[in-house]
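**Q** Encoded as structure tokens, here's the structure I'll be asking about.
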Amino acid sequence: MTAFLTTMVFLQPRYQIVKSSASNTPDSFFELGTMAKISGRLSDFVKYDDTHRTSGQNATNIPIDDSHIHHDNDITAKDLERRIRVLCWVMTSPLNLHKKALHVKNTWGKRCNTLLFMSSVSNLTFPAIGLNVSEGREHLTEKTILAFKYVYEHYRDKADWFMKADDDTYVILENLRYFLKDYNTSDPVYFGKHFTNPAKQEYMSGGAGYVLSKEALTRYVMKGNDSTVCKQHGPNEDVTMGECMEKVGVKIGNSTDALGRSRFHCFIPEYHLKGNYPKWYYSFSVNDPQKGTESVSDYAITFHYISPEQMHVMDFFIYHLRPYGIYSGEQQLNGNR
């Protein structure tokens with residue numbers, strides 16, 4: 001993970017992150033206009049990259065099946081995939097279905113045991129599930145409630161853990177399953193990037209993604225569906241989720257690794273490496289914000305604000321590129337409860 005994150009700094013494209021279609025937390029509002037505001041040779045690289053990306057030239061895409069020369073030992077990962085069943089549902093919209101959600105489907109989404117896309121309009125060919133709700137930030141809480149209700153009614157017995165992510169979130173499923181393996185899905189708990197707002201309400205960042213145990217899902221749907229208990233409408237989906245979880249007796253779990261390093265991240269890798277966070281992050285993050293490769297867990301789980309292009313870049317560096325002669329052993333990084 002350290003080598004991957006270091007490399008990612010030199011591969012961040014220049015683009016501005018707009019308000020996410022899925023979350024209204026402070027990180028959703030943060031306009032990263034200086035995404036590639038880096039001096040020196042990296043700036044030259046970014047300019048060079050932009051020039052070629054907009055030149056109209058098309059390189060030839062040659063499909064090559066090189067699976068026969070990859071000899072990764074994935075026995076442990078496959079065993080966890082069978083034992084730790086993770087349902088992923090992705091918050092998206094009709095406009096983002098092919099612009100963003102498609103790239104989730106073609107990268108990390110295929111490693112979920114079950115993958116669902118929640119939108120306001122059904123699309124039978126993609127496919128996407130159409131919820132009876134309008135699009136727009138003011139409807140995010142209602143959309144989340146309906147999505148989890150749909151998951152509970154149709155899939156509660158087909159998975160053990162239930163992950164919500166945005167269509168610009170990148171998830172490393174193998175690391176998620178490793179983290180979850182020591183927890184009991186019958187416990188009312190959920191995990192993510194732990195925040196607290198000025199009103200001292202604790203919650204998980206929507207953009208970084210959060211994962212519910214089966215018992216947490218059950219309580220959220222069966223008890224939280226009551227408007228006298230939990231808010232049913234509003235833009236702050238993740239904050240509202242935190243309020244509701246507290247009222248229905250679902251605990252916030254600690255997701256840092258055994259060395260105190262972060263696993264769920266609400267920004268791109270570069271920001272966690274360089275530490276150039278927005279000011280609000282220092283007051284909202286429950287764990288003191290740190291920077292550098294040693295602050296991010298080798299078994300990191302999520303990153304947010306990942307562009308469609310970067311979905312594929314991350315997939316390449318995590319699952320394809322290998323340094324010759326270096327064989328990574330398994331680390332024991334759980335246990336920091």
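Ordering of the structure tokens sets the chain letters (A, B, ...), residue numbers begin anew at 1 in every chain, and ligands are numbered from 1 in the order given.
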Can you list every residue in region 31-258 of chain A that DSSP puts in strand (DSSP E), as a PyMOL selection string?
**A** chain A and resi 86-91+114-119+129-130+161-166+170-171+189-192+194-196+202-204+210-213+251-252
**Q** Leaving out Met222 (chain A) and any residue of its chain fewer than 3 positions from it, which residues lie within 10 Å of it when counting only C-alpha atoms, given as a list in words?
**A** Lys149, Tyr152, Ala216, Leu217, Thr218, Arg219, Asn225, Asp226 and Val248 of chain A
**Q** Would you kindly return, as JSON, numbers by chain, each protein, DNA or RNA residue with an atom no farther than 7 Å from any atom of Thr107 (chain A), considering only C-alpha atoms and excluding same-chain residues fewer than 3 positions away?
**A** {"A": [103, 104, 110, 311, 312, 315]}
**Q** Within 9 Å of Ala147 (chain A), counting only C-alpha atoms, which residues qualify if same-chain residues fewer than 4 places away don't, as a PyMOL selection string?
**A** chain A and resi 89+91+118-119+129+131+142-143+151-152
**Q** For Asp79 (chain A), list every protein, DNA or RNA residue within 12 Å, evaluated using only C-alpha atoms, and leave out those in the same chain fewer than 3 positions away; present the list as a PyMOL selection string.
**A** chain A and resi 73-76+82-85+174+177-178+181
**Q** Closest to Asp187 (chain A) among A:Glu215, A:Asp166, A:Glu135, A:Glu202, using only C-alpha atoms?
**A** A:Glu215
**Q** Please report the interatomic distance between CA of Tyr155 (chain A) and CA of Ser93 (chain A) in Å with one decimal.
**A**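 These atoms are spaced 21.4 Å apart.
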**Q** Please indicate the distance in Å from CA of Val171 (chain A) to CA of Val313 (chain A), rounded to one decimal place.
**A**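 Taking CA of Val171 (chain A) as the start and CA of Val313 (chain A) as the end point, the length is 13.3 Å.
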**Q** Smallest atom-to-atom distance to Ile301 (chain A): which of A:Tyr319, A:Tyr282, A:Phe117, A:Tyr170, using only C-alpha atoms?
**A**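 For Ile301 (chain A), the nearest of the given residues is A:Tyr170.
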**Q** May I have the residues within 10 Å of region 182-184 of chain A as a PyMOL selection string, using only C-alpha atoms and disregarding those fewer than 4 positions away in the same chain?
**A** chain A and resi 160-161+177-178+188-189+213-215+334-335
**Q** Set the distance at 7 Å and use only C-alpha atoms: which residues neighbour region 204-208 of chain A once local chain neighbours fewer than 5 positions away are removed? I'd like the list as a PyMOL selection string.
**A** chain A and resi 23+25+165-166+169+192-195+238+242+264-266+302-304
**Q** Let's have the selection written as an mmCIF file, in the first residue's frame, with N, CA and C atoms.
**A**
```
data_model
loop_
_atom_site.group_PDB
_atom_site.id
_atom_site.type_symbol
_atom_site.label_atom_id
_atom_site.label_comp_id
_atom_site.auth_asym_id
_atom_site.auth_seq_id
_atom_site.Cartn_x
_atom_site.Cartn_y
_atom_site.Cartn_z
ATOM 1 N N SER A 23 -23.735 12.415 -1.157
ATOM 2 C CA SER A 23 -23.517 12.738 0.244
ATOM 3 C C SER A 23 -23.432 14.235 0.450
ATOM 4 N N THR A 25 -22.172 15.632 3.365
ATOM 5 C CA THR A 25 -21.250 15.926 4.444
ATOM 6 C C THR A 25 -20.301 17.011 3.987
ATOM 7 N N ALA A 165 -21.787 2.843 -0.684
ATOM 8 C CA ALA A 165 -20.714 3.654 -1.258
ATOM 9 C C ALA A 165 -21.299 4.607 -2.285
ATOM 10 N N ASP A 166 -20.568 5.661 -2.580
ATOM 11 C CA ASP A 166 -20.962 6.579 -3.649
ATOM 12 C C ASP A 166 -20.380 6.090 -4.971
ATOM 13 N N THR A 169 -16.572 6.480 -5.008
ATOM 14 C CA THR A 169 -15.828 5.810 -3.937
ATOM 15 C C THR A 169 -15.135 4.587 -4.524
ATOM 16 N N GLY A 192 -16.805 2.911 9.353
ATOM 17 C CA GLY A 192 -16.508 3.840 8.268
ATOM 18 C C GLY A 192 -15.501 4.866 8.745
ATOM 19 N N LYS A 193 -15.473 6.011 8.069
ATOM 20 C CA LYS A 193 -14.634 7.132 8.492
ATOM 21 C C LYS A 193 -15.396 7.908 9.553
ATOM 22 N N HIS A 194 -14.903 7.873 10.781
ATOM 23 C CA HIS A 194 -15.605 8.397 11.950
ATOM 24 C C HIS A 194 -15.510 9.921 12.014
ATOM 25 N N PHE A 195 -16.661 10.586 11.993
ATOM 26 C CA PHE A 195 -16.762 12.037 12.098
ATOM 27 C C PHE A 195 -17.614 12.425 13.308
ATOM 28 N N ASP A 238 -25.507 11.149 5.745
ATOM 29 C CA ASP A 238 -24.612 10.462 6.675
ATOM 30 C C ASP A 238 -24.815 10.906 8.120
ATOM 31 N N GLY A 242 -26.169 8.654 11.246
ATOM 32 C CA GLY A 242 -25.539 8.587 12.561
ATOM 33 C C GLY A 242 -26.534 8.808 13.690
ATOM 34 N N PHE A 264 -10.605 3.828 6.217
ATOM 35 C CA PHE A 264 -11.626 4.491 5.397
ATOM 36 C C PHE A 264 -11.192 5.939 5.184
ATOM 37 N N HIS A 265 -11.265 6.408 3.927
ATOM 38 C CA HIS A 265 -10.733 7.732 3.596
ATOM 39 C C HIS A 265 -11.735 8.522 2.758
ATOM 40 N N CYS A 266 -11.958 9.771 3.121
ATOM 41 C CA CYS A 266 -12.946 10.592 2.413
ATOM 42 C C CYS A 266 -12.319 11.493 1.347
ATOM 43 N N THR A 302 -11.067 2.153 1.724
ATOM 44 C CA THR A 302 -11.736 3.043 0.770
ATOM 45 C C THR A 302 -10.982 4.345 0.571
ATOM 46 N N PHE A 303 -11.253 4.957 -0.607
ATOM 47 C CA PHE A 303 -10.864 6.333 -0.913
ATOM 48 C C PHE A 303 -12.039 6.974 -1.639
ATOM 49 N N HIS A 304 -12.160 8.283 -1.492
ATOM 50 C CA HIS A 304 -13.299 9.002 -2.063
ATOM 51 C C HIS A 304 -12.811 10.014 -3.098
#
```
**Q** Just the number, please: distance in Å from CA of Ala101 (chain A) to CA of Asn123 (chain A), one decimal.
**A**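 So the two atoms, CA of Ala101 (chain A) and CA of Asn123 (chain A), lie 12.3 Å apart.
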**Q** Pick out the closest residue to Ile318 (chain A) from this set: A:Ser285, A:Arg137, A:Trp108, A:Lys279. Count only C-alpha atoms.
**A**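 When distances to Ile318 (chain A) are compared using only C-alpha atoms, the smallest one comes from A:Trp108.
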**Q** Between A:Ser227, A:His154, A:Ile172, A:Ile306, which is the closest to Glu270 (chain A) once you count only C-alpha atoms?
**A**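 Looking at the shortest contact to Glu270 (chain A), the residue is A:Ile306.
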